[in-house]
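Listing of protein18.txt; format and content: compact mmCIF, C-alpha atoms.
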# COMPACT_ATOMS: atom_id res chain seq x y z
CA MET V 1 47.26 -17.27 -7.74
CA ALA V 2 44.28 -15.68 -6.01
CA SER V 3 41.39 -18.06 -5.57
CA GLN V 4 39.14 -15.75 -7.57
CA ASP V 5 41.49 -16.12 -10.55
CA MET V 6 41.24 -19.89 -10.48
CA TYR V 7 38.51 -21.19 -12.77
CA ALA V 8 36.87 -24.40 -11.63
CA LEU V 9 34.73 -27.07 -13.26
CA ALA V 10 32.81 -28.95 -10.63
CA ASP V 11 30.08 -31.45 -9.99
CA PHE V 12 28.33 -31.99 -6.70
CA CYS V 13 25.89 -34.42 -5.23
CA LEU V 14 24.26 -33.24 -2.01
CA ASN V 15 22.72 -35.85 0.27
CA PRO V 16 20.46 -34.77 3.12
CA MET V 17 20.64 -37.18 6.04
CA GLY V 18 18.27 -37.64 8.94
CA THR V 19 15.33 -36.90 6.63
CA GLU V 20 12.87 -39.04 4.69
CA ALA V 21 14.44 -41.21 1.96
CA SER V 22 12.94 -39.22 -0.91
CA ILE V 23 14.93 -36.07 -1.32
CA ALA V 24 13.67 -34.40 -4.49
CA GLU V 25 12.40 -31.36 -2.51
CA TYR V 26 15.88 -30.78 -1.13
CA VAL V 27 17.52 -31.22 -4.51
CA ALA V 28 15.03 -28.74 -6.00
CA GLU V 29 16.04 -26.28 -3.29
CA CYS V 30 19.67 -26.70 -4.36
CA VAL V 31 18.77 -26.03 -7.96
CA ARG V 32 17.08 -22.78 -6.89
CA VAL V 33 20.25 -21.74 -5.04
CA VAL V 34 22.52 -22.65 -7.93
CA LYS V 35 20.29 -20.81 -10.39
CA LYS V 36 20.40 -17.70 -8.20
CA SER V 37 24.22 -17.84 -8.18
CA GLY V 38 24.25 -16.93 -11.86
CA LEU V 39 26.82 -19.63 -12.58
CA LYS V 40 26.53 -21.99 -15.53
CA TYR V 41 25.09 -25.30 -14.33
CA HIS V 42 23.52 -28.54 -15.55
CA VAL V 43 21.40 -30.86 -13.42
CA HIS V 44 21.79 -34.56 -14.20
CA GLY V 45 20.56 -37.79 -12.64
CA TYR V 46 23.20 -38.00 -9.91
CA GLY V 47 24.36 -34.46 -9.23
CA THR V 48 24.83 -31.04 -10.74
CA ASN V 49 27.62 -29.71 -12.96
CA ILE V 50 28.65 -26.16 -12.09
CA GLU V 51 31.51 -23.95 -13.26
CA GLY V 52 32.99 -20.55 -12.49
CA PRO V 53 35.65 -18.89 -10.37
CA TRP V 54 36.66 -21.27 -7.55
CA ASP V 55 35.27 -19.07 -4.79
CA ASP V 56 31.89 -18.68 -6.47
CA VAL V 57 31.55 -22.42 -7.04
CA VAL V 58 32.31 -23.40 -3.45
CA LYS V 59 30.14 -20.50 -2.22
CA ALA V 60 27.18 -21.87 -4.20
CA VAL V 61 27.66 -25.29 -2.64
CA GLN V 62 27.88 -23.75 0.83
CA GLU V 63 24.65 -21.84 0.20
CA CYS V 64 23.00 -25.10 -0.79
CA HIS V 65 23.96 -26.49 2.62
CA VAL V 66 22.47 -23.43 4.33
CA ALA V 67 19.24 -23.73 2.32
CA VAL V 68 18.86 -27.49 2.81
CA HIS V 69 19.48 -27.18 6.56
CA ALA V 70 16.87 -24.38 6.62
CA LYS V 71 14.44 -26.74 4.88
CA GLY V 72 14.84 -29.19 7.75
CA ALA V 73 17.76 -31.50 7.07
CA PRO V 74 19.75 -31.95 10.29
CA ARG V 75 22.78 -33.32 8.47
CA ILE V 76 24.17 -33.07 4.94
CA HIS V 77 26.88 -34.98 3.15
CA THR V 78 28.09 -33.54 -0.14
CA ASP V 79 30.38 -35.23 -2.58
CA LEU V 80 32.12 -32.60 -4.72
CA ARG V 81 34.37 -33.13 -7.72
CA ILE V 82 36.35 -30.03 -8.54
CA GLY V 83 38.95 -29.57 -11.25
CA THR V 84 41.33 -26.80 -12.26
CA ARG V 85 43.92 -26.52 -15.00
CA VAL V 86 46.65 -24.08 -15.91
CA ASP V 87 47.63 -25.48 -19.32
CA HIS V 88 44.89 -23.73 -21.23
CA LYS V 89 42.42 -20.99 -20.56
CA ILE V 90 38.72 -21.85 -20.31
CA VAL V 91 36.29 -19.33 -21.75
CA PRO V 92 33.92 -18.70 -18.81
CA GLY V 93 30.72 -20.70 -19.09
CA THR V 94 31.98 -23.09 -21.77
CA GLY V 95 34.09 -25.56 -19.79
CA ILE V 96 31.48 -28.16 -19.01
CA GLU V 97 29.81 -28.25 -22.41
CA ASN V 98 33.19 -28.37 -24.19
CA GLN V 99 34.21 -31.43 -22.19
CA VAL V 100 31.15 -33.25 -23.48
CA LYS V 101 31.60 -31.87 -27.00
CA ARG V 102 35.21 -33.10 -27.29
CA VAL V 103 34.16 -36.62 -26.37
CA GLU V 104 31.20 -36.56 -28.78
CA GLU V 105 33.44 -35.38 -31.62
CA ILE V 106 35.78 -38.32 -31.08
CA LEU V 107 32.88 -40.78 -31.03
CA ALA V 108 31.21 -39.17 -34.07
CA LYS V 109 34.24 -40.03 -36.27
CA GLU V 110 33.56 -43.74 -35.90
CA MET H 1 19.83 -60.17 -1.13
CA ALA H 2 21.94 -61.40 -4.04
CA SER H 3 24.00 -58.66 -5.65
CA GLN H 4 22.29 -59.30 -8.98
CA ASP H 5 18.95 -58.47 -7.36
CA MET H 6 20.18 -55.11 -6.12
CA TYR H 7 19.43 -52.32 -8.57
CA ALA H 8 21.91 -49.48 -8.56
CA LEU H 9 21.93 -45.91 -9.80
CA ALA H 10 25.48 -44.71 -10.22
CA ASP H 11 27.69 -41.98 -11.58
CA PHE H 12 31.38 -42.29 -12.24
CA CYS H 13 34.22 -40.03 -13.18
CA LEU H 14 37.31 -41.86 -14.41
CA ASN H 15 40.63 -39.98 -14.27
CA PRO H 16 43.63 -41.40 -16.12
CA MET H 17 46.89 -40.46 -14.40
CA GLY H 18 50.42 -40.49 -15.74
CA THR H 19 49.12 -39.42 -19.16
CA GLU H 20 48.79 -36.10 -20.97
CA ALA H 21 46.46 -33.58 -19.29
CA SER H 22 43.80 -33.81 -22.01
CA ILE H 23 41.88 -36.99 -21.53
CA ALA H 24 38.98 -36.86 -23.99
CA GLU H 25 40.31 -39.91 -25.87
CA TYR H 26 40.22 -41.95 -22.68
CA VAL H 27 36.77 -40.73 -21.76
CA ALA H 28 35.54 -41.62 -25.26
CA GLU H 29 36.95 -45.11 -24.74
CA CYS H 30 34.89 -45.35 -21.55
CA VAL H 31 31.76 -44.30 -23.38
CA ARG H 32 32.37 -47.09 -25.92
CA VAL H 33 32.67 -49.61 -23.09
CA VAL H 34 29.57 -48.34 -21.31
CA LYS H 35 27.57 -48.38 -24.55
CA LYS H 36 28.62 -51.98 -25.20
CA SER H 37 27.40 -52.95 -21.70
CA GLY H 38 23.83 -52.36 -22.80
CA LEU H 39 23.09 -50.43 -19.61
CA LYS H 40 21.20 -47.14 -19.61
CA TYR H 41 23.71 -44.27 -19.35
CA HIS H 42 24.06 -40.52 -19.78
CA VAL H 43 27.36 -38.70 -20.33
CA HIS H 44 27.59 -35.27 -18.71
CA GLY H 45 30.34 -32.69 -18.22
CA TYR H 46 31.94 -34.31 -15.20
CA GLY H 47 31.15 -38.00 -15.39
CA THR H 48 28.66 -40.57 -16.60
CA ASN H 49 25.35 -41.67 -15.10
CA ILE H 50 24.78 -45.40 -15.35
CA GLU H 51 22.14 -47.71 -13.88
CA GLY H 52 21.36 -51.41 -13.70
CA PRO H 53 21.88 -54.46 -11.50
CA TRP H 54 24.75 -53.73 -9.07
CA ASP H 55 27.07 -56.35 -10.59
CA ASP H 56 26.59 -55.07 -14.13
CA VAL H 57 27.25 -51.47 -13.11
CA VAL H 58 30.51 -52.22 -11.29
CA LYS H 59 31.51 -54.62 -14.09
CA ALA H 60 31.12 -51.81 -16.64
CA VAL H 61 33.33 -49.54 -14.54
CA GLN H 62 35.93 -52.29 -14.20
CA GLU H 63 35.91 -52.82 -17.97
CA CYS H 64 36.51 -49.09 -18.42
CA HIS H 65 39.65 -49.46 -16.28
CA VAL H 66 40.81 -52.40 -18.44
CA ALA H 67 40.17 -50.43 -21.66
CA VAL H 68 41.82 -47.21 -20.44
CA HIS H 69 44.88 -49.09 -19.20
CA ALA H 70 45.03 -50.85 -22.61
CA LYS H 71 44.94 -47.42 -24.25
CA GLY H 72 48.09 -46.47 -22.36
CA ALA H 73 47.15 -45.01 -18.97
CA PRO H 74 49.50 -46.44 -16.32
CA ARG H 75 47.23 -45.39 -13.47
CA ILE H 76 43.53 -44.65 -13.07
CA HIS H 77 41.56 -43.06 -10.27
CA THR H 78 37.79 -43.38 -10.45
CA ASP H 79 35.31 -41.63 -8.26
CA LEU H 80 32.06 -43.60 -8.18
CA ARG H 81 28.76 -42.61 -6.59
CA ILE H 82 26.48 -45.59 -6.19
CA GLY H 83 23.05 -45.69 -4.62
CA THR H 84 20.55 -48.40 -3.76
CA ARG H 85 17.13 -48.34 -2.12
CA VAL H 86 14.70 -50.91 -0.81
CA ASP H 87 11.71 -48.64 -0.11
CA HIS H 88 10.41 -48.67 -3.66
CA LYS H 89 11.08 -50.65 -6.80
CA ILE H 90 12.78 -48.91 -9.72
CA VAL H 91 11.58 -49.89 -13.18
CA PRO H 92 14.85 -50.89 -14.92
CA GLY H 93 16.25 -48.11 -17.08
CA THR H 94 14.08 -45.35 -15.61
CA GLY H 95 15.85 -44.52 -12.35
CA ILE H 96 18.18 -41.78 -13.51
CA GLU H 97 15.69 -39.93 -15.70
CA ASN H 98 13.03 -40.12 -13.00
CA GLN H 99 15.34 -38.50 -10.47
CA VAL H 100 15.74 -35.52 -12.79
CA LYS H 101 12.02 -35.50 -13.66
CA ARG H 102 10.88 -35.34 -10.03
CA VAL H 103 13.08 -32.29 -9.42
CA GLU H 104 11.90 -30.59 -12.61
CA GLU H 105 8.25 -31.17 -11.67
CA ILE H 106 8.78 -29.46 -8.31
CA LEU H 107 10.49 -26.49 -9.96
CA ALA H 108 7.86 -26.25 -12.70
CA LYS H 109 5.13 -25.55 -10.14
CA GLU H 110 6.72 -22.23 -9.22
CA MET C 1 42.71 -58.52 -18.00
CA ALA C 2 40.29 -60.49 -15.84
CA SER C 3 38.76 -58.41 -13.07
CA GLN C 4 40.14 -60.80 -10.47
CA ASP C 5 43.67 -60.02 -11.71
CA MET C 6 43.19 -56.29 -11.25
CA TYR C 7 44.36 -55.11 -7.84
CA ALA C 8 42.49 -52.12 -6.46
CA LEU C 9 43.11 -49.57 -3.74
CA ALA C 10 39.85 -48.02 -2.65
CA ASP C 11 38.16 -45.83 -0.12
CA PHE C 12 34.45 -45.68 0.51
CA CYS C 13 32.06 -43.59 2.50
CA LEU C 14 28.62 -45.13 2.92
CA ASN C 15 25.74 -42.81 3.80
CA PRO C 16 22.42 -44.28 4.95
CA MET C 17 19.50 -42.04 3.99
CA GLY C 18 15.98 -41.99 5.33
CA THR C 19 17.30 -42.84 8.80
CA GLU C 20 18.17 -40.84 11.90
CA ALA C 21 21.05 -38.34 11.44
CA SER C 22 23.47 -40.27 13.64
CA ILE C 23 24.75 -43.21 11.69
CA ALA C 24 27.51 -44.77 13.80
CA GLU C 25 25.51 -48.03 14.16
CA TYR C 26 25.35 -48.38 10.38
CA VAL C 27 29.03 -47.57 9.97
CA ALA C 28 29.88 -50.17 12.63
CA GLU C 29 27.84 -52.70 10.65
CA CYS C 30 29.97 -51.87 7.59
CA VAL C 31 33.15 -52.39 9.56
CA ARG C 32 31.89 -55.84 10.60
CA VAL C 33 31.24 -56.70 6.94
CA VAL C 34 34.60 -55.41 5.79
CA LYS C 35 36.40 -57.28 8.56
CA LYS C 36 34.65 -60.50 7.57
CA SER C 37 35.81 -60.01 3.95
CA GLY C 38 39.38 -60.68 5.03
CA LEU C 39 40.63 -57.71 3.01
CA LYS C 40 43.12 -55.20 4.41
CA TYR C 41 41.24 -52.11 5.59
CA HIS C 42 41.60 -48.96 7.68
CA VAL C 43 38.69 -46.99 9.14
CA HIS C 44 39.22 -43.21 9.27
CA GLY C 45 37.06 -40.22 10.12
CA TYR C 46 35.30 -39.95 6.76
CA GLY C 47 35.35 -43.41 5.23
CA THR C 48 37.24 -46.68 5.05
CA ASN C 49 40.34 -47.60 3.05
CA ILE C 50 40.16 -51.09 1.57
CA GLU C 51 42.36 -52.95 -0.90
CA GLY C 52 42.41 -56.24 -2.76
CA PRO C 53 41.41 -57.79 -6.07
CA TRP C 54 38.85 -55.52 -7.78
CA ASP C 55 36.00 -58.03 -7.50
CA ASP C 56 36.56 -58.60 -3.79
CA VAL C 57 36.65 -54.88 -3.05
CA VAL C 58 33.40 -54.08 -4.84
CA LYS C 59 31.83 -57.22 -3.39
CA ALA C 60 32.64 -56.00 0.13
CA VAL C 61 31.00 -52.65 -0.61
CA GLN C 62 27.93 -54.40 -2.02
CA GLU C 63 27.68 -56.55 1.09
CA CYS C 64 27.80 -53.39 3.20
CA HIS C 65 24.74 -52.16 1.27
CA VAL C 66 22.94 -55.45 1.93
CA ALA C 67 23.79 -55.31 5.65
CA VAL C 68 22.87 -51.65 6.09
CA HIS C 69 19.56 -52.13 4.29
CA ALA C 70 18.92 -55.15 6.54
CA LYS C 71 19.61 -52.93 9.54
CA GLY C 72 16.79 -50.63 8.43
CA ALA C 73 18.13 -48.02 6.03
CA PRO C 74 15.69 -47.61 3.13
CA ARG C 75 18.25 -45.85 0.95
CA ILE C 76 22.04 -45.75 0.75
CA HIS C 77 24.42 -43.47 -1.11
CA THR C 78 28.04 -44.58 -1.28
CA ASP C 79 30.90 -42.53 -2.55
CA LEU C 80 33.72 -44.85 -3.66
CA ARG C 81 37.21 -43.93 -4.80
CA ILE C 82 38.89 -46.79 -6.60
CA GLY C 83 42.31 -46.83 -8.21
CA THR C 84 44.26 -49.29 -10.31
CA ARG C 85 47.70 -49.17 -11.88
CA VAL C 86 49.64 -51.29 -14.35
CA ASP C 87 53.04 -49.57 -14.07
CA HIS C 88 54.13 -51.45 -10.99
CA LYS C 89 52.97 -54.46 -9.04
CA ILE C 90 51.48 -53.92 -5.58
CA VAL C 91 52.32 -56.58 -2.99
CA PRO C 92 48.84 -57.59 -1.74
CA GLY C 93 47.91 -55.87 1.49
CA THR C 94 50.64 -53.22 1.33
CA GLY C 95 49.22 -50.69 -1.13
CA ILE C 96 47.41 -48.38 1.25
CA GLU C 97 50.09 -48.24 3.94
CA ASN C 98 52.81 -47.71 1.33
CA GLN C 99 50.99 -44.70 -0.10
CA VAL C 100 51.07 -43.08 3.33
CA LYS C 101 54.67 -44.19 3.95
CA ARG C 102 55.98 -42.62 0.73
CA VAL C 103 54.46 -39.27 1.64
CA GLU C 104 55.79 -39.45 5.20
CA GLU C 105 59.29 -40.25 3.94
CA ILE C 106 59.28 -37.14 1.75
CA LEU C 107 58.09 -34.97 4.62
CA ALA C 108 60.57 -36.53 7.07
CA LYS C 109 63.52 -35.28 5.00
CA GLU C 110 62.64 -31.67 5.77
CA MET E 1 23.98 -18.80 8.54
CA ALA E 2 27.28 -17.21 7.59
CA SER E 3 29.69 -19.64 5.99
CA GLN E 4 32.24 -18.96 8.71
CA ASP E 5 29.72 -20.17 11.30
CA MET E 6 29.24 -23.48 9.54
CA TYR E 7 31.55 -26.16 10.84
CA ALA E 8 32.59 -28.76 8.30
CA LEU E 9 34.08 -32.23 8.45
CA ALA E 10 35.72 -33.06 5.16
CA ASP E 11 37.94 -35.48 3.33
CA PHE E 12 39.70 -34.81 0.07
CA CYS E 13 41.70 -36.74 -2.45
CA LEU E 14 43.67 -34.57 -4.85
CA ASN E 15 44.77 -36.12 -8.14
CA PRO E 16 47.33 -34.33 -10.29
CA MET E 17 46.82 -35.08 -14.00
CA GLY E 18 49.21 -34.63 -16.90
CA THR E 19 52.10 -35.62 -14.62
CA GLU E 20 54.02 -38.82 -13.97
CA ALA E 21 51.93 -41.64 -12.45
CA SER E 22 53.64 -41.49 -9.06
CA ILE E 23 52.29 -38.53 -7.19
CA ALA E 24 53.72 -38.76 -3.66
CA GLU E 25 55.64 -35.48 -4.12
CA TYR E 26 52.40 -33.67 -4.92
CA VAL E 27 50.56 -35.25 -2.03
CA ALA E 28 53.40 -34.25 0.30
CA GLU E 29 53.03 -30.67 -0.97
CA CYS E 30 49.33 -30.83 -0.04
CA VAL E 31 50.18 -32.05 3.44
CA ARG E 32 52.52 -29.05 3.87
CA VAL E 33 49.70 -26.70 2.84
CA VAL E 34 47.15 -28.35 5.10
CA LYS E 35 49.59 -28.30 8.03
CA LYS E 36 50.20 -24.57 7.51
CA SER E 37 46.42 -23.96 7.59
CA GLY E 38 46.38 -24.81 11.28
CA LEU E 39 43.31 -26.99 10.82
CA LYS E 40 42.99 -30.43 12.38
CA TYR E 41 43.81 -33.06 9.75
CA HIS E 42 44.67 -36.74 9.30
CA VAL E 43 46.40 -38.20 6.26
CA HIS E 44 45.27 -41.70 5.29
CA GLY E 45 45.91 -44.04 2.38
CA TYR E 46 43.40 -42.48 -0.01
CA GLY E 47 43.01 -38.87 1.02
CA THR E 48 43.13 -36.48 3.94
CA ASN E 49 40.56 -35.78 6.65
CA ILE E 50 40.27 -32.10 7.52
CA GLU E 51 37.84 -30.14 9.69
CA GLY E 52 37.10 -26.55 10.60
CA PRO E 53 34.92 -23.62 9.61
CA TRP E 54 33.59 -24.23 6.06
CA ASP E 55 35.52 -21.32 4.54
CA ASP E 56 38.83 -22.42 6.05
CA VAL E 57 38.39 -25.99 4.86
CA VAL E 58 37.64 -25.07 1.25
CA LYS E 59 40.39 -22.42 1.36
CA ALA E 60 42.92 -25.08 2.36
CA VAL E 61 41.85 -27.27 -0.55
CA GLN E 62 42.11 -24.32 -2.94
CA GLU E 63 45.62 -23.56 -1.67
CA CYS E 64 46.56 -27.18 -2.32
CA HIS E 65 45.50 -26.67 -5.96
CA VAL E 66 47.64 -23.51 -6.16
CA ALA E 67 50.65 -25.30 -4.66
CA VAL E 68 50.31 -28.43 -6.81
CA HIS E 69 49.94 -26.37 -9.99
CA ALA E 70 53.05 -24.40 -8.91
CA LYS E 71 54.87 -27.71 -8.52
CA GLY E 72 54.17 -28.48 -12.17
CA ALA E 73 50.82 -30.23 -12.47
CA PRO E 74 48.92 -28.79 -15.45
CA ARG E 75 45.60 -30.21 -14.29
CA ILE E 76 44.12 -31.30 -10.98
CA HIS E 77 41.01 -33.25 -10.12
CA THR E 78 39.95 -33.25 -6.49
CA ASP E 79 37.26 -35.37 -4.97
CA LEU E 80 35.97 -33.71 -1.80
CA ARG E 81 33.52 -35.08 0.74
CA ILE E 82 32.15 -32.36 2.97
CA GLY E 83 29.57 -32.68 5.72
CA THR E 84 27.72 -30.27 7.98
CA ARG E 85 25.12 -30.75 10.67
CA VAL E 86 22.87 -28.51 12.72
CA ASP E 87 21.47 -31.08 15.16
CA HIS E 88 24.39 -30.94 17.54
CA LYS E 89 27.40 -28.71 18.05
CA ILE E 90 30.86 -30.10 17.27
CA VAL E 91 33.66 -29.02 19.58
CA PRO E 92 36.22 -27.62 17.12
CA GLY E 93 38.96 -30.09 16.32
CA THR E 94 37.14 -33.14 17.70
CA GLY E 95 34.70 -33.99 14.92
CA ILE E 96 36.78 -36.43 12.93
CA GLU E 97 38.24 -38.36 15.85
CA ASN E 98 34.83 -38.60 17.52
CA GLN E 99 33.31 -40.17 14.42
CA VAL E 100 35.90 -42.93 14.60
CA LYS E 101 35.57 -43.23 18.38
CA ARG E 102 31.78 -43.73 18.26
CA VAL E 103 32.17 -46.59 15.80
CA GLU E 104 34.96 -48.19 17.82
CA GLU E 105 32.88 -48.01 21.00
CA ILE E 106 30.03 -49.87 19.33
CA LEU E 107 32.38 -52.56 18.04
CA ALA E 108 34.19 -52.86 21.39
CA LYS E 109 30.95 -53.97 23.10
CA GLU E 110 30.91 -57.21 21.11

Kindly return the structure encoded in the file as structure tokens.
Amino acid sequence: MASQDMYALADFCLNPMGTEASIAEYVAECVRVVKKSGLKYHVHGYGTNIEGPWDDVVKAVQECHVAVHAKGAPRIHTDLRIGTRVDHKIVPGTGIENQVKRVEEILAKE
Amino acid sequence: MASQDMYALADFCLNPMGTEASIAEYVAECVRVVKKSGLKYHVHGYGTNIEGPWDDVVKAVQECHVAVHAKGAPRIHTDLRIGTRVDHKIVPGTGIENQVKRVEEILAKE
Amino acid sequence: MASQDMYALADFCLNPMGTEASIAEYVAECVRVVKKSGLKYHVHGYGTNIEGPWDDVVKAVQECHVAVHAKGAPRIHTDLRIGTRVDHKIVPGTGIENQVKRVEEILAKE
Amino acid sequence: MASQDMYALADFCLNPMGTEASIAEYVAECVRVVKKSGLKYHVHGYGTNIEGPWDDVVKAVQECHVAVHAKGAPRIHTDLRIGTRVDHKIVPGTGIENQVKRVEEILAKE
């Protein structure tokens, strides 16, 4: 399987190190990069969901590192969750929201 | 510092193993447990934000393991991000939403 | 199941933020804390394996936060992997090394 | 900065889902893939350290997903830590062992 054919759901939390403790400016820079990637994403309180072809997802994260280093962070640690499956096909751009929807549907029955 | 005095922002992604590939039922079970904990939480597409005193946060995650094992999962792997800070005081229940808000405010200025 | 009866294998990577970029002094402080806990551990190039009863494991991580804050870090982000299983009993102190051993045995047959 | 010029230290823990609970065969398959990549790596009890140019590191992880799916896992969740720095140059292949060495040197002085 070519890496471009592998669809990935991911979530990453980028931590600049060697900077001040408040990092909202760096996180905002990441959001700009992710937005520019054209991939479906969702920013939450401890990271960012992102989905798309494997290569595009990891490329977006790499570009966040480039941008955050350019903004002054000498060191970056990113924690990335990335998932793939071959048992059913994900309609591009719907993977993340469907995961939440399935859980909400189960809870709504109660 | 006593662990109960340490306020934590966290995010966890619980993965049942040795089960079917579709895990929404197990994730829903986690949401029930987290809800019962009384802690502030937010479910997203690749995990759950949760915040509170350190002990309560890790206790909620442990209770998710108990509940998901009871539901039939022989093995569980959880990936937990947990953060603490001593440079400013977080008003209980506002940490996660404020992290998102600060980033949105920066982006809104553009 | 009481949390003290749940045996956990874990791995954590503690990242001080708002400090200098080189963090070996903080990591060394963590190793001191983990050693004092009496739990079985193994330091590697991107974190520390640790195993024991769930409560003891998360307590050791919490004490690392206390110690690293005391050493001057205003903010800490930890990324913790934690796993439990109910399908077979782990002899205390052998879980981590057995996971490596099983993989090595498979590869040795080739 | 081109992604090939960015040197990364990483650590990943790949979890097959929708399989049996014992996953040593899948982990062994990952080790074969990582070995073939030619990158410096170290297998530990809860993941694998790996270092090299950013693109090569994430390519190796992607090839692990391909291989583990081919071995029968319908779903895979990987938890990847990845770090970069621009404040000092890492001699290729020495990053991971030097991180451990620096900590050991500090502890040896006591």

Report summary line: As a check of understanding: the span from CA of Thr94 in chain V to CA of His42 in chain V is 11.8 Å

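CA of His88 in chain C lies 24.6 Å from CA of Lys109 in chain C.
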
Query raised in the report: Which neighbours of Asn49 in chain E fall inside 10 Å, counting all atoms listed in the file, when residues of the same chain fewer than 2 positions from it are skipped, and could you give them as a PyMOL selection string?
Result: (chain C and resi 44-47) or (chain E and resi 9-13+40-44+46-47+51+80-82+96-97)

Requested in this report: Hey, list the chain V side of the contact with chain E: 9 Å cut-off, all atoms listed in the file, answer as a ChimeraX atom specification.
Outcome: /V:1-3,6,54-55,58-59,62-63,65-66,69,73-88

Query - d(CA of Ala60 in chain E, CA of Pro53 in chain V) in Å - result: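 Computing it gives 15.9 Å between the two atoms.
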
**Report entry** Nearest to Val27 in chain V by atom-to-atom distance, counting all atoms listed in the file, from H:Ala108, H:Val100, H:Lys89, H:Gly52
**Finding:** H:Val100

Query - From V:Cys64, V:Asp5, V:Asp56, V:Glu20, residue lying nearest Val33 in chain V [only C-alpha atoms] - result: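 Once distances to Val33 in chain V are computed over only C-alpha atoms, the minimum belongs to V:Cys64.
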
Query - Glu29 in chain C environment, 10 Å, all atoms listed in the file, sequence neighbours closer than 2 positions dropped, as number ranges by chain - result: C: 24-27, 31-35, 64-65, 67-68, 71; E: 103, 106-107

Quick one: 8 Å padding each side, axis-aligned, all listed atoms of range 86-103 of chain C - centre and edge lengths in Å to one decimal, as AutoDock Vina command-line options?
--center_x 51.7 --center_y -48.4 --center_z -5.2 --size_x 24.6 --size_y 34.3 --size_z 34.3

Any chance you could export range 18-29 of chain E with N, CA, C and O atoms, as a CSV table (one decimal), in the first residue's frame?
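Output below, filename part18.csv:
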chain,number,residue,atom,x,y,z
E,18,GLY,N,-8.5,-4.9,17.1
E,18,GLY,CA,-9.3,-5.9,16.4
E,18,GLY,C,-8.5,-7.2,16.2
E,18,GLY,O,-8.8,-8.0,15.3
E,19,THR,N,-7.5,-7.4,17.0
E,19,THR,CA,-6.7,-8.7,16.9
E,19,THR,C,-6.8,-9.4,18.3
E,19,THR,O,-7.5,-8.9,19.2
E,20,GLU,N,-6.1,-10.5,18.5
E,20,GLU,CA,-5.9,-11.1,19.8
E,20,GLU,C,-5.2,-10.0,20.7
E,20,GLU,O,-4.7,-9.1,20.2
E,21,ALA,N,-5.3,-10.3,22.0
E,21,ALA,CA,-4.7,-9.4,23.0
E,21,ALA,C,-3.2,-9.4,23.0
E,21,ALA,O,-2.5,-8.4,23.4
E,22,SER,N,-2.6,-10.6,22.6
E,22,SER,CA,-1.2,-10.7,22.7
E,22,SER,C,-0.6,-10.3,21.3
E,22,SER,O,-1.0,-10.8,20.3
E,23,ILE,N,0.3,-9.3,21.3
E,23,ILE,CA,0.6,-8.7,20.1
E,23,ILE,C,2.1,-8.8,19.7
E,23,ILE,O,2.6,-8.1,18.8
E,24,ALA,N,2.8,-9.7,20.4
E,24,ALA,CA,4.3,-9.7,20.2
E,24,ALA,C,4.6,-10.0,18.7
E,24,ALA,O,5.6,-9.5,18.2
E,25,GLU,N,3.8,-10.8,18.0
E,25,GLU,CA,4.1,-11.1,16.6
E,25,GLU,C,4.1,-9.8,15.8
E,25,GLU,O,4.8,-9.6,14.8
E,26,TYR,N,3.1,-8.9,16.1
E,26,TYR,CA,3.0,-7.7,15.3
E,26,TYR,C,4.2,-6.7,15.7
E,26,TYR,O,4.7,-6.0,14.8
E,27,VAL,N,4.5,-6.7,16.9
E,27,VAL,CA,5.6,-5.9,17.3
E,27,VAL,C,6.9,-6.3,16.7
E,27,VAL,O,7.7,-5.6,16.2
E,28,ALA,N,7.1,-7.7,16.6
E,28,ALA,CA,8.3,-8.2,15.9
E,28,ALA,C,8.3,-7.8,14.5
E,28,ALA,O,9.4,-7.5,13.9
E,29,GLU,N,7.1,-7.8,13.8
E,29,GLU,CA,7.1,-7.4,12.4
E,29,GLU,C,7.5,-5.9,12.3
E,29,GLU,O,8.2,-5.6,11.4
